[in-house]
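Colleague: Dropping a structure here in structure tokens format, bear with me for questions.
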Amino acid sequence: MHIFTVAPDRFASLVERATDTARKASTLPGFISTNILGNAAHTKLLIASKWESEHAWSRTQWDERIGKAVTDLVEGSQADEFELYWQIGP
């Protein structure tokens, strides 16, 4: 899960970048789904992606397209948080 704190005037462009990145990620082995959420104030962008395994997710970090997109998102935000989560319930 990645949470970005963004300036409201950058929100739309970062959502577009996140959506494009999710499309690219969906073609990679082990991808299951991505949810992109934003708050009403347009200051927080949350990206939650689901993968078949931690190994499948970690392989994506070596994909040049994904790496560039994540770098763009981090550099375009004021702050970001990242943490891996595992599904433990329905």
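Ligands are numbered from 1 in the order shown, residues from 1 within each chain, and chains are lettered A, B, ... in the order they appear in the structure tokens.
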Pull the strand (DSSP E) assignments for chain A out of DSSP run on the backbone, and list those residues as a list of chain:residue names.
Modeller: A:His2, A:Ile3, A:Phe4, A:Thr5, A:Phe31, A:Ile32, A:Ser33, A:Thr34, A:Asn35, A:Ile36, A:Leu37, A:Gly38, A:Lys44, A:Leu45, A:Leu46, A:Ile47, A:Ala48, A:Ser49, A:Lys50, A:Trp51, A:Ala79, A:Asp80, A:Glu81, A:Phe82
Colleague: Export C-alpha atoms of the chosen residues as a PDB file, in the first residue's frame?
Modeller:
ATOM      1  CA  HIS A   2       1.340   3.375  -0.959  1.00  0.00           C
ATOM      2  CA  ILE A   3      -0.113   6.623   0.406  1.00  0.00           C
ATOM      3  CA  PHE A   4       0.906   9.911  -1.179  1.00  0.00           C
ATOM      4  CA  THR A   5       0.312  13.355   0.303  1.00  0.00           C
ATOM      5  CA  PHE A  31      -0.875  -9.247 -10.750  1.00  0.00           C
ATOM      6  CA  ILE A  32      -4.376  -9.540  -9.270  1.00  0.00           C
ATOM      7  CA  SER A  33      -5.810  -6.030  -8.844  1.00  0.00           C
ATOM      8  CA  THR A  34      -5.202  -2.380  -7.987  1.00  0.00           C
ATOM      9  CA  ASN A  35      -7.398   0.113  -6.156  1.00  0.00           C
ATOM     10  CA  ILE A  36      -6.657   3.823  -6.446  1.00  0.00           C
ATOM     11  CA  LEU A  37      -8.431   5.991  -3.884  1.00  0.00           C
ATOM     12  CA  GLY A  38      -8.372   9.707  -3.205  1.00  0.00           C
ATOM     13  CA  LYS A  44      -4.201  12.083  -0.301  1.00  0.00           C
ATOM     14  CA  LEU A  45      -3.820   9.391  -2.931  1.00  0.00           C
ATOM     15  CA  LEU A  46      -3.844   5.749  -1.845  1.00  0.00           C
ATOM     16  CA  ILE A  47      -2.725   2.947  -4.148  1.00  0.00           C
ATOM     17  CA  ALA A  48      -3.350  -0.618  -2.994  1.00  0.00           C
ATOM     18  CA  SER A  49      -2.249  -3.398  -5.312  1.00  0.00           C
ATOM     19  CA  LYS A  50      -2.811  -7.104  -4.806  1.00  0.00           C
ATOM     20  CA  TRP A  51      -0.383  -9.744  -6.069  1.00  0.00           C
ATOM     21  CA  ALA A  79       5.289  12.965   1.252  1.00  0.00           C
ATOM     22  CA  ASP A  80       4.728   9.256   0.810  1.00  0.00           C
ATOM     23  CA  GLU A  81       4.323   6.181   2.959  1.00  0.00           C
ATOM     24  CA  PHE A  82       4.768   2.592   1.854  1.00  0.00           C
TER      25      PHE A  82
END
Colleague: Mind the document's chain letters and residue numbers, and return as a CSV table (one decimal) with N, CA and C atoms, in the first residue's frame the residues of chain A that DSSP labels helix (DSSP H, G or I).
Modeller:
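To be explicit, this is the file written out as selection-v9.csv:
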chain,number,residue,atom,x,y,z
A,8,PRO,N,-3.2,19.8,-3.8
A,8,PRO,CA,-4.5,19.7,-4.6
A,8,PRO,C,-4.3,20.0,-6.1
A,9,ASP,N,-3.5,20.9,-6.5
A,9,ASP,CA,-3.3,21.2,-7.9
A,9,ASP,C,-2.5,20.1,-8.6
A,10,ARG,N,-1.9,19.2,-7.9
A,10,ARG,CA,-1.1,18.1,-8.6
A,10,ARG,C,-1.9,16.8,-8.6
A,11,PHE,N,-3.1,16.8,-7.8
A,11,PHE,CA,-3.8,15.6,-7.6
A,11,PHE,C,-4.2,14.9,-8.9
A,12,ALA,N,-4.9,15.7,-9.9
A,12,ALA,CA,-5.4,15.1,-11.1
A,12,ALA,C,-4.2,14.4,-11.9
A,13,SER,N,-3.1,15.1,-12.0
A,13,SER,CA,-2.0,14.6,-12.8
A,13,SER,C,-1.4,13.3,-12.2
A,14,LEU,N,-1.4,13.3,-10.9
A,14,LEU,CA,-0.8,12.1,-10.2
A,14,LEU,C,-1.8,10.9,-10.2
A,15,VAL,N,-3.1,11.2,-10.2
A,15,VAL,CA,-4.1,10.2,-10.4
A,15,VAL,C,-4.0,9.6,-11.8
A,16,GLU,N,-3.8,10.4,-12.8
A,16,GLU,CA,-3.6,9.9,-14.2
A,16,GLU,C,-2.3,9.1,-14.3
A,17,ARG,N,-1.2,9.5,-13.6
A,17,ARG,CA,0.0,8.7,-13.6
A,17,ARG,C,-0.2,7.4,-12.9
A,18,ALA,N,-0.9,7.4,-11.8
A,18,ALA,CA,-1.2,6.2,-11.0
A,18,ALA,C,-2.0,5.2,-11.8
A,19,THR,N,-3.0,5.7,-12.5
A,19,THR,CA,-3.9,4.9,-13.3
A,19,THR,C,-3.1,4.3,-14.5
A,20,ASP,N,-2.3,5.0,-15.1
A,20,ASP,CA,-1.4,4.5,-16.2
A,20,ASP,C,-0.5,3.4,-15.7
A,21,THR,N,0.1,3.6,-14.5
A,21,THR,CA,1.0,2.6,-13.9
A,21,THR,C,0.2,1.4,-13.6
A,22,ALA,N,-1.0,1.5,-13.1
A,22,ALA,CA,-1.8,0.3,-12.8
A,22,ALA,C,-2.1,-0.5,-14.0
A,23,ARG,N,-2.4,0.2,-15.1
A,23,ARG,CA,-2.6,-0.5,-16.4
A,23,ARG,C,-1.4,-1.3,-16.8
A,24,LYS,N,-0.2,-0.7,-16.7
A,24,LYS,CA,1.0,-1.4,-17.0
A,24,LYS,C,1.3,-2.6,-16.1
A,25,ALA,N,1.0,-2.4,-14.8
A,25,ALA,CA,1.3,-3.4,-13.8
A,25,ALA,C,0.3,-4.6,-14.1
A,54,GLU,N,4.4,-12.2,-2.6
A,54,GLU,CA,5.4,-11.2,-2.4
A,54,GLU,C,6.5,-11.2,-3.4
A,55,HIS,N,6.8,-12.4,-3.9
A,55,HIS,CA,7.8,-12.6,-4.9
A,55,HIS,C,7.3,-12.0,-6.2
A,56,ALA,N,6.0,-12.2,-6.6
A,56,ALA,CA,5.5,-11.6,-7.8
A,56,ALA,C,5.5,-10.0,-7.7
A,57,TRP,N,5.2,-9.5,-6.5
A,57,TRP,CA,5.2,-8.0,-6.3
A,57,TRP,C,6.7,-7.5,-6.5
A,58,SER,N,7.6,-8.2,-5.8
A,58,SER,CA,9.0,-7.8,-5.9
A,58,SER,C,9.6,-7.8,-7.3
A,59,ARG,N,9.2,-8.7,-8.1
A,59,ARG,CA,9.6,-8.7,-9.5
A,59,ARG,C,9.2,-7.4,-10.2
A,60,THR,N,8.1,-6.8,-9.9
A,60,THR,CA,7.7,-5.6,-10.6
A,60,THR,C,8.6,-4.5,-10.3
A,64,GLU,N,11.3,-1.6,-15.6
A,64,GLU,CA,11.7,-0.2,-15.8
A,64,GLU,C,10.5,0.8,-15.9
A,65,ARG,N,9.4,0.4,-16.5
A,65,ARG,CA,8.2,1.2,-16.7
A,65,ARG,C,7.6,1.5,-15.3
A,66,ILE,N,7.5,0.5,-14.5
A,66,ILE,CA,6.9,0.6,-13.1
A,66,ILE,C,7.8,1.5,-12.2
A,67,GLY,N,9.1,1.2,-12.3
A,67,GLY,CA,10.1,2.0,-11.5
A,67,GLY,C,10.0,3.4,-11.8
A,68,LYS,N,10.0,3.8,-13.1
A,68,LYS,CA,9.9,5.2,-13.5
A,68,LYS,C,8.6,5.8,-13.0
A,69,ALA,N,7.5,5.1,-13.1
A,69,ALA,CA,6.2,5.7,-12.7
A,69,ALA,C,6.2,5.9,-11.2
A,70,VAL,N,6.7,5.0,-10.4
A,70,VAL,CA,6.7,5.1,-9.0
A,70,VAL,C,7.6,6.3,-8.6
A,71,THR,N,8.7,6.4,-9.3
A,71,THR,CA,9.6,7.6,-9.0
A,71,THR,C,8.9,8.9,-9.3
A,72,ASP,N,8.2,8.9,-10.4
A,72,ASP,CA,7.4,10.1,-10.7
A,72,ASP,C,6.4,10.5,-9.7
A,73,LEU,N,5.7,9.5,-9.2
A,73,LEU,CA,4.7,9.7,-8.1
A,73,LEU,C,5.3,10.2,-6.8
A,74,VAL,N,6.4,9.6,-6.4
A,74,VAL,CA,7.1,10.0,-5.2
A,74,VAL,C,7.6,11.4,-5.4
A,75,GLU,N,8.2,11.7,-6.5
A,75,GLU,CA,8.8,13.1,-6.7
A,75,GLU,C,7.7,14.1,-6.8
A,76,GLY,N,6.5,13.7,-7.3
A,76,GLY,CA,5.4,14.6,-7.5
A,76,GLY,C,4.6,14.9,-6.2
Colleague: Please, what distance in Å, to one decimal, runs between atom CA of Thr43 of chain A and atom CA of Ala7 of chain A?
Modeller: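 One can read the atom CA of Thr43 of chain A to atom CA of Ala7 of chain A distance as 5.7 Å.
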